[in-house]
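Source file input_6.cif; content: mmCIF, C-alpha atoms.
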```
data_run
#
loop_
_atom_site.label_atom_id
_atom_site.label_comp_id
_atom_site.auth_asym_id
_atom_site.auth_seq_id
_atom_site.Cartn_x
_atom_site.Cartn_y
_atom_site.Cartn_z
CA MET R 196 -49.62 -43.09 93.56
CA ILE R 197 -51.42 -40.38 91.59
CA ASN R 198 -51.11 -37.84 94.42
CA GLU R 199 -47.40 -38.60 94.81
CA ILE R 200 -46.88 -38.12 91.07
CA LYS R 201 -48.75 -34.82 90.99
CA LYS R 202 -46.81 -33.53 94.00
CA LYS R 203 -43.52 -34.67 92.40
CA GLU R 204 -42.92 -37.00 95.32
CA ALA R 205 -42.83 -39.92 92.86
CA LYS R 206 -41.08 -39.87 89.50
CA LEU R 207 -42.46 -41.11 86.19
CA ALA R 208 -40.02 -42.72 83.74
CA VAL R 209 -40.29 -43.19 79.99
CA ILE R 210 -38.19 -46.02 78.55
CA GLY R 211 -37.31 -45.52 74.89
CA LEU R 212 -36.98 -41.93 73.68
CA GLY R 213 -37.72 -42.12 69.97
CA TYR R 214 -40.60 -40.69 67.95
CA VAL R 215 -43.08 -41.90 70.58
CA GLY R 216 -41.23 -41.78 73.87
CA LEU R 217 -39.62 -38.35 73.76
CA PRO R 218 -42.83 -36.35 73.09
CA ILE R 219 -44.54 -38.26 75.92
CA ALA R 220 -41.65 -37.66 78.31
CA LEU R 221 -41.48 -33.93 77.55
CA ALA R 222 -45.26 -33.52 77.81
CA PHE R 223 -45.24 -35.07 81.28
CA ALA R 224 -42.11 -33.11 82.24
CA LYS R 225 -44.07 -29.86 81.88
CA LYS R 226 -46.29 -31.04 84.74
CA ILE R 227 -44.43 -33.60 86.86
CA SER R 228 -40.94 -35.00 87.55
CA VAL R 229 -39.72 -37.31 84.76
CA ILE R 230 -36.80 -39.64 84.00
CA GLY R 231 -36.17 -40.15 80.30
CA PHE R 232 -34.29 -43.43 79.77
CA ASP R 233 -32.64 -44.63 76.58
CA ILE R 234 -29.96 -47.33 76.17
CA ASN R 235 -28.15 -45.21 73.56
CA GLN R 236 -25.81 -42.83 75.41
CA ALA R 237 -25.17 -40.78 72.26
CA ARG R 238 -28.91 -40.08 71.98
CA VAL R 239 -29.04 -39.21 75.67
CA ASP R 240 -26.21 -36.71 75.18
CA MET R 241 -28.09 -35.07 72.32
CA MET R 242 -31.26 -34.73 74.40
CA ASN R 243 -29.29 -33.26 77.29
CA ASN R 244 -28.26 -30.60 74.76
CA LYS R 245 -31.90 -30.03 73.78
CA ILE R 246 -31.56 -31.87 70.47
CA ASP R 247 -34.20 -34.36 69.36
CA PRO R 248 -32.34 -37.24 67.63
CA SER R 249 -35.49 -37.91 65.58
CA GLU R 250 -35.49 -34.29 64.34
CA GLU R 251 -39.16 -33.88 65.19
CA LEU R 252 -39.10 -31.46 68.14
CA PRO R 253 -37.43 -28.03 68.31
CA ALA R 254 -35.12 -27.08 71.19
CA SER R 255 -37.92 -24.96 72.68
CA GLU R 256 -39.85 -28.15 73.55
CA PHE R 257 -37.14 -29.00 76.07
CA GLU R 258 -37.59 -25.72 77.95
CA ASN R 259 -39.30 -25.59 81.36
CA SER R 260 -39.17 -29.37 81.69
CA ASP R 261 -38.52 -31.26 84.92
CA ILE R 262 -36.69 -34.14 83.25
CA VAL R 263 -33.45 -36.07 83.59
CA PHE R 264 -32.18 -37.89 80.49
CA THR R 265 -30.12 -40.95 81.31
CA ALA R 266 -28.83 -44.35 80.23
CA ASP R 267 -28.05 -45.24 83.86
CA LEU R 268 -30.05 -48.02 85.50
CA GLU R 269 -29.51 -46.64 89.02
CA THR R 270 -31.14 -43.36 88.02
CA LEU R 271 -34.05 -45.24 86.46
CA LYS R 272 -34.65 -47.05 89.76
CA GLN R 273 -35.83 -43.76 91.28
CA ALA R 274 -39.07 -43.98 89.28
CA LYS R 275 -42.32 -45.52 90.52
CA PHE R 276 -44.38 -45.26 87.32
CA PHE R 277 -42.77 -46.67 84.15
CA ILE R 278 -43.95 -46.10 80.57
CA VAL R 279 -42.40 -48.38 77.94
CA ALA R 280 -42.32 -46.83 74.47
CA VAL R 281 -39.79 -48.86 72.50
CA PRO R 282 -40.16 -49.87 68.82
CA THR R 283 -41.90 -53.09 67.79
CA PRO R 284 -40.55 -53.84 64.29
CA ILE R 285 -40.85 -56.91 62.08
CA ASP R 286 -38.02 -59.14 60.89
CA GLU R 287 -37.04 -60.08 57.32
CA HIS R 288 -39.82 -62.70 57.31
CA ASN R 289 -42.48 -60.15 58.35
CA LYS R 290 -42.72 -61.70 61.80
CA PRO R 291 -42.92 -59.64 65.02
CA ASP R 292 -39.51 -58.73 66.41
CA LEU R 293 -40.04 -58.40 70.16
CA LYS R 294 -36.35 -58.03 71.07
CA PRO R 295 -36.58 -54.29 71.95
CA LEU R 296 -39.74 -54.91 74.00
CA ILE R 297 -38.26 -57.88 75.85
CA SER R 298 -35.05 -55.96 76.54
CA ALA R 299 -37.03 -53.00 77.90
CA SER R 300 -39.10 -55.35 80.09
CA LYS R 301 -35.88 -56.77 81.55
CA THR R 302 -34.63 -53.24 82.21
CA VAL R 303 -37.84 -52.25 83.99
CA GLY R 304 -37.91 -55.56 85.87
CA ALA R 305 -34.50 -54.77 87.30
CA CYS R 306 -35.88 -51.49 88.67
CA LEU R 307 -39.29 -52.60 89.98
CA LYS R 308 -40.27 -52.10 93.61
CA LYS R 309 -43.42 -52.96 95.52
CA GLY R 310 -46.22 -50.57 94.59
CA ASP R 311 -44.78 -49.62 91.19
CA TYR R 312 -46.73 -49.30 87.93
CA VAL R 313 -45.70 -50.29 84.40
CA VAL R 314 -47.60 -49.12 81.30
CA TYR R 315 -46.74 -50.33 77.81
CA GLU R 316 -47.32 -48.04 74.81
CA SER R 317 -45.54 -50.09 72.13
CA THR R 318 -47.85 -51.47 69.44
CA VAL R 319 -48.27 -55.23 69.92
CA TYR R 320 -50.71 -58.06 69.20
CA PRO R 321 -53.50 -58.76 71.71
CA GLY R 322 -52.08 -60.72 74.62
CA CYS R 323 -48.47 -59.63 74.28
CA THR R 324 -48.39 -57.52 77.45
CA GLU R 325 -49.74 -60.31 79.65
CA GLU R 326 -48.19 -63.30 77.89
CA ASP R 327 -44.76 -61.99 76.93
CA CYS R 328 -43.93 -58.93 79.06
CA ILE R 329 -45.38 -59.50 82.52
CA PRO R 330 -43.64 -62.90 83.04
CA ILE R 331 -40.32 -61.13 82.38
CA LEU R 332 -41.15 -58.39 84.88
CA GLU R 333 -41.95 -61.02 87.51
CA LYS R 334 -38.88 -63.13 86.81
CA ILE R 335 -36.36 -60.27 86.85
CA SER R 336 -37.88 -58.38 89.79
CA GLY R 337 -38.80 -61.37 91.93
CA LEU R 338 -42.12 -59.61 92.60
CA ASN R 339 -45.66 -60.84 92.06
CA PHE R 340 -47.91 -59.30 89.40
CA LYS R 341 -50.97 -57.47 90.81
CA THR R 342 -49.91 -58.19 94.40
CA ASP R 343 -46.62 -56.24 94.27
CA PHE R 344 -46.86 -54.22 91.05
CA LYS R 345 -49.54 -53.23 88.54
CA VAL R 346 -49.47 -53.19 84.75
CA GLY R 347 -51.48 -51.42 82.07
CA TYR R 348 -51.48 -50.75 78.36
CA SER R 349 -52.10 -47.42 76.63
CA PRO R 350 -51.40 -47.47 72.88
CA GLU R 351 -49.34 -44.65 71.43
CA ARG R 352 -51.03 -42.29 69.00
CA ILE R 353 -48.06 -40.27 67.81
CA ASN R 354 -48.19 -39.20 64.17
CA PRO R 355 -44.71 -38.10 62.97
CA GLY R 356 -44.75 -34.71 61.29
CA ASP R 357 -48.26 -33.89 62.54
CA LYS R 358 -48.16 -30.64 64.51
CA GLU R 359 -51.92 -30.62 65.13
CA HIS R 360 -52.66 -34.11 66.51
CA THR R 361 -50.03 -34.15 69.26
CA ILE R 362 -49.92 -36.31 72.40
CA THR R 363 -51.77 -33.72 74.50
CA LYS R 364 -54.53 -33.18 71.91
CA ILE R 365 -55.62 -36.77 71.21
CA LEU R 366 -58.03 -38.82 73.34
CA LYS R 367 -55.97 -41.54 75.02
CA VAL R 368 -57.04 -45.18 75.29
CA VAL R 369 -56.00 -46.65 78.64
CA SER R 370 -56.33 -50.03 80.31
CA GLY R 371 -55.22 -51.70 83.52
CA CYS R 372 -54.86 -55.14 85.06
CA ASP R 373 -57.65 -54.36 87.57
CA ALA R 374 -60.07 -51.59 88.52
CA GLU R 375 -57.59 -49.81 90.78
CA SER R 376 -54.80 -49.74 88.19
CA LEU R 377 -57.21 -48.58 85.49
CA ASP R 378 -58.17 -45.56 87.61
CA VAL R 379 -54.57 -44.69 88.51
CA ILE R 380 -53.35 -45.03 84.92
CA ALA R 381 -56.29 -42.99 83.61
CA GLU R 382 -55.68 -40.20 86.12
CA THR R 383 -51.96 -40.18 85.31
CA TYR R 384 -52.55 -39.65 81.59
CA LYS R 385 -55.19 -37.03 82.32
CA ILE R 386 -52.35 -34.88 83.66
CA ILE R 387 -51.26 -34.19 80.07
CA VAL R 388 -54.08 -35.33 77.74
CA GLU R 389 -56.59 -32.50 77.36
CA PRO R 390 -59.48 -34.44 75.70
CA GLY R 391 -59.30 -37.07 78.45
CA VAL R 392 -59.16 -40.86 78.23
CA HIS R 393 -61.18 -43.84 77.08
CA LYS R 394 -61.08 -46.71 79.56
CA ALA R 395 -60.81 -49.96 77.62
CA ALA R 396 -62.41 -53.04 79.17
CA THR R 397 -59.15 -55.02 79.35
CA ILE R 398 -55.50 -54.81 78.37
CA LYS R 399 -56.18 -57.12 75.41
CA VAL R 400 -58.99 -54.86 74.19
CA ALA R 401 -56.64 -51.85 74.26
CA GLU R 402 -53.96 -53.81 72.39
CA ALA R 403 -56.49 -54.94 69.79
CA ALA R 404 -57.90 -51.42 69.36
CA LYS R 405 -54.48 -50.08 68.46
CA ILE R 406 -53.60 -52.88 66.06
CA ILE R 407 -56.84 -52.52 64.08
CA GLU R 408 -56.49 -48.73 63.72
CA ASN R 409 -53.58 -49.22 61.35
CA THR R 410 -54.86 -52.49 59.89
CA GLN R 411 -58.08 -50.76 58.84
CA ARG R 412 -56.11 -48.04 57.05
CA ASP R 413 -53.82 -50.60 55.44
CA VAL R 414 -56.69 -52.63 54.00
CA ASN R 415 -58.50 -49.56 52.69
CA ILE R 416 -55.36 -48.18 51.03
CA ALA R 417 -54.75 -51.62 49.51
CA LEU R 418 -58.20 -51.43 47.90
CA MET R 419 -57.31 -48.03 46.43
CA ASN R 420 -54.01 -49.39 45.15
CA GLU R 421 -55.72 -52.35 43.50
CA LEU R 422 -58.29 -50.04 41.94
CA SER R 423 -55.46 -47.86 40.60
CA ILE R 424 -53.95 -50.91 38.86
CA ILE R 425 -57.33 -51.77 37.32
CA PHE R 426 -58.06 -48.20 36.25
CA ASN R 427 -54.58 -47.83 34.78
CA LYS R 428 -55.37 -50.73 32.43
CA MET R 429 -58.56 -48.89 31.44
CA GLY R 430 -56.81 -45.57 30.88
CA ILE R 431 -58.69 -43.90 33.73
CA ASN R 432 -57.05 -41.59 36.31
CA THR R 433 -57.72 -43.02 39.79
CA PHE R 434 -57.68 -39.62 41.48
CA ASP R 435 -60.35 -38.37 39.08
CA VAL R 436 -62.47 -41.40 39.98
CA LEU R 437 -61.99 -40.84 43.72
CA GLU R 438 -62.85 -37.16 43.39
CA ALA R 439 -66.14 -38.05 41.70
CA ALA R 440 -66.97 -40.87 44.14
CA GLY R 441 -66.04 -38.64 47.08
CA THR R 442 -69.04 -36.41 46.40
CA LYS R 443 -71.21 -39.04 48.13
CA TRP R 444 -71.51 -38.20 51.82
CA ASN R 445 -70.51 -41.63 53.15
CA PHE R 446 -67.69 -42.48 50.72
CA LEU R 447 -64.47 -43.17 52.64
CA LYS R 448 -61.66 -40.99 51.35
CA PHE R 449 -58.58 -43.17 51.05
CA PHE R 450 -56.00 -42.78 48.30
CA PRO R 451 -53.50 -45.03 46.52
CA GLY R 452 -49.78 -44.78 47.22
CA LEU R 453 -46.74 -46.30 48.85
CA VAL R 454 -47.47 -47.71 52.32
CA GLY R 455 -44.34 -47.73 54.44
CA GLY R 456 -43.24 -46.45 57.82
CA HIS R 457 -43.24 -48.15 61.19
CA CYS R 458 -47.01 -48.30 61.74
CA ILE R 459 -49.34 -49.03 58.81
CA GLY R 460 -46.72 -51.07 56.96
CA VAL R 461 -45.80 -53.10 60.06
CA ASP R 462 -48.67 -53.43 62.54
CA PRO R 463 -50.94 -55.68 60.43
CA TYR R 464 -48.22 -58.34 60.49
CA TYR R 465 -48.52 -58.45 64.30
CA LEU R 466 -52.22 -59.18 63.97
CA THR R 467 -51.82 -61.83 61.26
CA HIS R 468 -49.09 -63.48 63.37
CA LYS R 469 -51.43 -63.70 66.36
CA ALA R 470 -54.29 -64.88 64.14
CA GLU R 471 -52.14 -67.77 62.90
CA SER R 472 -51.27 -68.73 66.48
CA VAL R 473 -54.98 -69.17 67.26
CA GLY R 474 -55.62 -71.10 64.05
CA HIS R 475 -56.95 -68.49 61.63
CA HIS R 476 -55.46 -67.37 58.32
CA ALA R 477 -56.32 -63.68 57.92
CA LYS R 478 -57.15 -63.57 54.21
CA ILE R 479 -58.19 -59.94 53.75
CA ILE R 480 -55.40 -58.52 55.90
CA ASN R 481 -52.73 -60.65 54.20
CA SER R 482 -54.08 -59.80 50.76
CA GLY R 483 -53.97 -56.10 51.61
CA ARG R 484 -50.39 -56.42 52.81
CA PHE R 485 -49.41 -58.18 49.57
CA VAL R 486 -50.96 -55.44 47.43
CA ASN R 487 -49.33 -52.62 49.38
CA ASP R 488 -45.93 -54.30 49.60
CA SER R 489 -46.00 -54.78 45.81
CA MET R 490 -46.69 -51.15 44.88
CA GLY R 491 -43.05 -50.02 44.75
CA LYS R 492 -42.26 -52.73 42.22
CA TYR R 493 -45.42 -51.92 40.24
CA ILE R 494 -44.62 -48.20 40.01
CA ALA R 495 -41.06 -48.91 38.85
CA GLU R 496 -42.29 -51.43 36.28
CA GLN R 497 -44.76 -48.94 34.83
CA THR R 498 -42.06 -46.28 34.67
CA ALA R 499 -39.59 -48.62 32.96
CA LYS R 500 -42.23 -49.71 30.42
CA LYS R 501 -42.98 -46.10 29.55
CA ILE R 502 -39.26 -45.39 29.06
CA ILE R 503 -38.92 -48.47 26.83
CA ALA R 504 -42.04 -47.41 24.89
CA LYS R 505 -40.10 -44.25 23.96
CA LYS R 506 -37.66 -46.65 22.22
CA LYS R 507 -34.97 -45.94 24.79
CA ASP R 508 -32.43 -48.43 26.09
CA PRO R 509 -33.05 -48.80 29.88
CA ASN R 510 -29.32 -49.37 30.38
CA LYS R 511 -28.71 -45.85 29.13
CA ALA R 512 -31.73 -44.24 30.80
CA ARG R 513 -31.63 -41.92 33.81
CA ALA R 514 -34.33 -41.30 36.38
CA LEU R 515 -34.71 -38.84 39.24
CA VAL R 516 -36.63 -39.88 42.34
CA MET R 517 -37.83 -36.94 44.44
CA GLY R 518 -38.50 -37.99 48.03
CA ALA R 519 -37.11 -40.90 50.03
CA THR R 520 -38.80 -40.71 53.43
CA PHE R 521 -41.80 -42.86 54.29
CA LYS R 522 -44.17 -39.86 54.37
CA GLU R 523 -44.22 -36.16 53.64
CA ASP R 524 -42.31 -33.52 55.62
CA VAL R 525 -40.51 -35.88 58.01
CA SER R 526 -36.94 -37.22 58.12
CA ASP R 527 -38.03 -40.76 59.01
CA ILE R 528 -36.85 -43.33 56.45
CA ARG R 529 -37.86 -46.46 58.36
CA ASN R 530 -39.54 -48.98 56.06
CA SER R 531 -39.70 -46.44 53.23
CA LYS R 532 -41.19 -48.11 50.18
CA VAL R 533 -39.46 -45.58 47.94
CA ALA R 534 -36.45 -47.87 48.34
CA ASP R 535 -38.44 -50.59 46.54
CA VAL R 536 -39.07 -48.24 43.62
CA ILE R 537 -35.38 -47.39 43.34
CA LYS R 538 -34.25 -51.01 43.60
CA GLU R 539 -36.65 -52.12 40.88
CA LEU R 540 -35.70 -49.24 38.54
CA GLU R 541 -32.04 -50.19 38.94
CA SER R 542 -32.88 -53.83 38.12
CA TYR R 543 -33.83 -52.58 34.63
CA GLY R 544 -30.41 -50.95 34.32
CA ILE R 545 -31.77 -47.45 34.84
CA LYS R 546 -29.39 -45.06 36.62
CA VAL R 547 -31.24 -43.40 39.49
CA ASP R 548 -30.54 -40.10 41.25
CA VAL R 549 -32.37 -39.50 44.54
CA VAL R 550 -33.07 -36.20 46.31
CA ASP R 551 -34.97 -35.38 49.49
CA PRO R 552 -35.03 -32.16 51.58
CA PHE R 553 -35.49 -34.06 54.86
CA ALA R 554 -33.72 -37.43 54.63
CA SER R 555 -30.15 -38.10 55.73
CA SER R 556 -27.90 -39.39 52.94
CA LYS R 557 -25.81 -41.26 55.50
CA ASP R 558 -28.88 -42.99 56.94
CA LEU R 559 -30.16 -43.93 53.47
CA LYS R 560 -26.78 -45.43 52.59
CA HIS R 561 -26.74 -47.45 55.80
CA GLU R 562 -30.33 -48.63 55.53
CA TYR R 563 -30.83 -49.11 51.78
CA GLY R 564 -27.45 -48.83 50.07
CA PHE R 565 -28.02 -45.60 48.11
CA GLU R 566 -27.14 -41.97 48.78
CA LEU R 567 -28.72 -38.64 47.93
CA ALA R 568 -27.46 -36.83 44.84
CA SER R 569 -25.55 -33.64 45.58
CA GLU R 570 -27.64 -31.79 43.00
CA ILE R 571 -30.46 -32.32 40.52
CA GLY R 572 -29.20 -32.96 37.00
CA LYS R 573 -30.71 -32.45 33.55
CA ASN R 574 -32.21 -34.55 30.74
CA TYR R 575 -33.76 -37.25 32.92
CA ASP R 576 -35.80 -39.81 31.02
CA SER R 577 -38.20 -39.88 33.95
CA VAL R 578 -38.78 -37.87 37.12
CA LEU R 579 -40.72 -39.66 39.86
CA VAL R 580 -42.20 -37.50 42.61
CA ALA R 581 -42.49 -40.21 45.25
CA VAL R 582 -43.25 -38.18 48.39
CA ASN R 583 -45.50 -35.12 48.46
CA HIS R 584 -43.23 -32.91 50.55
CA ASN R 585 -44.40 -29.31 50.78
CA ASP R 586 -41.20 -28.33 48.94
CA TYR R 587 -42.52 -30.17 45.87
CA LYS R 588 -46.21 -29.25 45.86
CA ASN R 589 -45.86 -25.96 44.00
CA LEU R 590 -43.33 -27.06 41.38
CA SER R 591 -44.51 -26.01 37.91
CA GLU R 592 -44.58 -27.85 34.62
CA GLU R 593 -41.94 -25.40 33.38
CA TYR R 594 -39.63 -26.56 36.17
CA PHE R 595 -39.99 -30.21 35.19
CA LYS R 596 -39.30 -29.27 31.56
CA THR R 597 -35.90 -27.94 32.64
CA ILE R 598 -34.82 -31.28 34.17
CA LEU R 599 -36.57 -33.75 31.85
CA ALA R 600 -35.38 -34.86 28.45
CA ASN R 601 -37.58 -33.70 25.54
CA ASP R 602 -39.58 -36.93 25.65
CA GLY R 603 -39.23 -37.48 29.39
CA ILE R 604 -42.00 -38.76 31.64
CA LEU R 605 -43.25 -37.23 34.89
CA VAL R 606 -44.45 -39.90 37.32
CA ASP R 607 -46.60 -38.30 40.02
CA ILE R 608 -47.27 -41.05 42.54
CA LYS R 609 -49.60 -39.05 44.79
CA GLY R 610 -51.31 -37.13 41.99
CA ILE R 611 -50.29 -33.71 43.31
CA TYR R 612 -49.87 -32.21 39.81
CA ARG R 613 -53.08 -33.65 38.39
CA GLY R 614 -54.66 -31.17 35.98
CA LYS R 615 -51.54 -28.96 35.95
CA ILE R 616 -49.45 -30.84 33.38
CA LYS R 617 -50.30 -30.09 29.73
CA ASP R 618 -47.26 -30.55 27.53
CA ILE R 619 -45.09 -33.33 28.98
CA ALA R 620 -45.84 -37.05 29.33
CA TYR R 621 -47.54 -37.62 32.70
CA TRP R 622 -48.60 -40.65 34.71
CA SER R 623 -49.90 -41.17 38.23
CA LEU R 624 -51.50 -43.99 40.18
#
```
Encoded form using structure tokens:
Amino acid sequence: MINEIKKKEAKLAVIGLGYVGLPIALAFAKKISVIGFDINQARVDMMNNKIDPSEELPASEFENSDIVFTADLETLKQAKFFIVAVPTPIDEHNKPDLKPLISASKTVGACLKKGDYVVYESTVYPGCTEEDCIPILEKISGLNFKTDFKVGYSPERINPGDKEHTITKILKVVSGCDAESLDVIAETYKIIVEPGVHKAATIKVAEAAKIIENTQRDVNIALMNELSIIFNKMGINTFDVLEAAGTKWNFLKFFPGLVGGHCIGVDPYYLTHKAESVGHHAKIINSGRFVNDSMGKYIAEQTAKKIIAKKKDPNKARALVMGATFKEDVSDIRNSKVADVIKELESYGIKVDVVDPFASSKDLKHEYGFELASEIGKNYDSVLVAVNHNDYKNLSEEYFKTILANDGILVDIKGIYRGKIKDIAYWSL
């Protein structure tokens, strides 16, 4: 298999060409022959015109690539090595939504032939690949797992907006259903991953490793958020505290803030779901999720209280929220907790304008029901800098004076203006 792939006698396919799948497909396409499959024909058309629908990759990334973008099942059948990189979201009850993964498994199952390989990259709970996906592959293909086809799991490590830690620069965790598949899958990823691979003991171990990467971050950020609530009651700036504590060599540098996106704000729910199925209530993880999911409401409440403390009627107050994406310098709005801040501000009767240099107004309207303002106004009772985009980092106090009312409040969620604001009312986590 590996020799056929390297000689371009066998094609590798990537199913799902979003933030994860497209960079993987293009990285492989610089070295071997690739089929990029997506069920959305409009997205396929964009990629055929060297446009990344996720707005992450420039047109130059498509150059010198041996790749065919398609939504056609017959074309997909030409592949012998399949990588599944579809989203794994949660539903309105914070339960795993496996519909995209199941659909992709059915698609691959319809294309499987004897000797083929399937590797899942989608973030899932331990056991999902073997318990949920492989039975579908067997049923649809009519083939036998291990005897006719092999399966592995290699968790994605794509960080949207990060130009340094790209797919080819990060050590890749790989796993296989047996020793032979582990070697083949490892050698396949070594084609593009410069630091090499880590061979996990089993598929479940690889799944668990991925899920705890983001769970660990979530719990630690939750601690910082809870500390920020405590310190706020004491009149202490959390970022000042963290700066002082960070002088100790082994202090872990996490910071408070909004925890959204499609990884840290989602993945822990996959683990708690699996924990419940084996009879354990994950207290720390669930508590961390509660704290982080509550921060948007908390920030809005604090802002509203400060406006009311100025003896202003919230129903006549105006606020500007700067930043709507889930993290800095990306266009991704999935699971953005800024939406929680806006919703809660509006519940007080406060009129909210929103601006963002990266987000799509159309997408925000579709996803959250609000649009971007065409321009920044004047005399806001509060300005909330919710996302630390580079465009905002060097804004001066004089600038905020021009858009705030005389007794307006600057809310700096990430603390990027700490120590720079002297004359206007200022608050951060």
What separates CA of Ser298 in chain R and CA of Ile398 in chain R is a distance of 20.6 Å
Which residues are close to Ile407 in chain R, i.e. within 12 Å by all atoms listed in the file, leaving aside same-chain residues fewer than 6 positions away? Reply as a JSON list (two decimals) with C-alpha atoms, keeping the file's coordinate frame.
```json
[["chain", "number", "residue", "atom", "x", "y", "z"],
["R", 318, "THR", "CA", -47.85, -51.47, 69.44],
["R", 319, "VAL", "CA", -48.27, -55.23, 69.92],
["R", 320, "TYR", "CA", -50.71, -58.06, 69.20],
["R", 321, "PRO", "CA", -53.50, -58.76, 71.71],
["R", 350, "PRO", "CA", -51.40, -47.47, 72.88],
["R", 400, "VAL", "CA", -58.99, -54.86, 74.19],
["R", 401, "ALA", "CA", -56.64, -51.85, 74.26],
["R", 413, "ASP", "CA", -53.82, -50.60, 55.44],
["R", 414, "VAL", "CA", -56.69, -52.63, 54.00],
["R", 415, "ASN", "CA", -58.50, -49.56, 52.69],
["R", 458, "CYS", "CA", -47.01, -48.30, 61.74],
["R", 459, "ILE", "CA", -49.34, -49.03, 58.81],
["R", 461, "VAL", "CA", -45.80, -53.10, 60.06],
["R", 462, "ASP", "CA", -48.67, -53.43, 62.54],
["R", 463, "PRO", "CA", -50.94, -55.68, 60.43],
["R", 464, "TYR", "CA", -48.22, -58.34, 60.49],
["R", 465, "TYR", "CA", -48.52, -58.45, 64.30],
["R", 466, "LEU", "CA", -52.22, -59.18, 63.97],
["R", 467, "THR", "CA", -51.82, -61.83, 61.26],
["R", 480, "ILE", "CA", -55.40, -58.52, 55.90]]
```
How close does each residue of range 386-477 of chain R get to range 576-594 of chain R, giving the shortest atom pair and distance in Å to one decimal for every residue with an atom at most 12 Å away, counting all atoms listed in the file, sorted by chain and residue number, as CSV?
```
residue,atom,partner,partner_atom,distance
R:Gly452,CA,R:Ala581,CA,8.8
R:Leu453,CA,R:Ala581,CA,8.3
R:Val454,CA,R:Val582,CA,11.1
R:Gly455,CA,R:Val582,CA,11.4
```
From CA of Pro295 in chain R to CA of Lys225 in chain R the spacing works out at 27.4 Å
Applied to the shown file, which residues does the PyMOL selection byres ((chain R and resi 549) around 10) return, written as a PDB file with C-alpha atoms, keeping the file's coordinate frame?
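Output saved as selection_11.pdb:
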```pdb
ATOM      1  CA  ALA R 514     -34.330 -41.300  36.380  1.00  0.00           C
ATOM      2  CA  LEU R 515     -34.710 -38.840  39.240  1.00  0.00           C
ATOM      3  CA  VAL R 516     -36.630 -39.880  42.340  1.00  0.00           C
ATOM      4  CA  MET R 517     -37.830 -36.940  44.440  1.00  0.00           C
ATOM      5  CA  GLY R 518     -38.500 -37.990  48.030  1.00  0.00           C
ATOM      6  CA  ALA R 519     -37.110 -40.900  50.030  1.00  0.00           C
ATOM      7  CA  VAL R 533     -39.460 -45.580  47.940  1.00  0.00           C
ATOM      8  CA  ILE R 537     -35.380 -47.390  43.340  1.00  0.00           C
ATOM      9  CA  VAL R 547     -31.240 -43.400  39.490  1.00  0.00           C
ATOM     10  CA  ASP R 548     -30.540 -40.100  41.250  1.00  0.00           C
ATOM     11  CA  VAL R 550     -33.070 -36.200  46.310  1.00  0.00           C
ATOM     12  CA  ASP R 551     -34.970 -35.380  49.490  1.00  0.00           C
ATOM     13  CA  SER R 556     -27.900 -39.390  52.940  1.00  0.00           C
ATOM     14  CA  PHE R 565     -28.020 -45.600  48.110  1.00  0.00           C
ATOM     15  CA  GLU R 566     -27.140 -41.970  48.780  1.00  0.00           C
ATOM     16  CA  LEU R 567     -28.720 -38.640  47.930  1.00  0.00           C
ATOM     17  CA  ALA R 568     -27.460 -36.830  44.840  1.00  0.00           C
ATOM     18  CA  SER R 569     -25.550 -33.640  45.580  1.00  0.00           C
ATOM     19  CA  GLU R 570     -27.640 -31.790  43.000  1.00  0.00           C
ATOM     20  CA  ILE R 571     -30.460 -32.320  40.520  1.00  0.00           C
ATOM     21  CA  VAL R 578     -38.780 -37.870  37.120  1.00  0.00           C
ATOM     22  CA  LEU R 579     -40.720 -39.660  39.860  1.00  0.00           C
TER      23      LEU R 579
END
```
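Residue membership of the PyMOL selection byres ((chain R and resi 282) around 9) in the shown file amounts to Gly211, Gly213, Val215, Ala280, Val281, Thr283, Pro284, Leu293, Pro295, Leu296, Ser317, Thr318 and His457 of chain R.
Minimum atom-to-atom distance to Thr324 in chain R, evaluated using only C-alpha atoms, belongs to R:Lys345 out of R:Lys272, R:Lys345, R:Lys617, R:Lys202.
Here CA of Lys294 in chain R is placed at a distance of 28.5 Å from CA of Lys394 in chain R.
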The residue from R:Phe340, R:Tyr493, R:Tyr575, R:Phe449 with the smallest atom-to-atom distance to Asn601 in chain R, counting all atoms listed in the file, is R:Tyr575
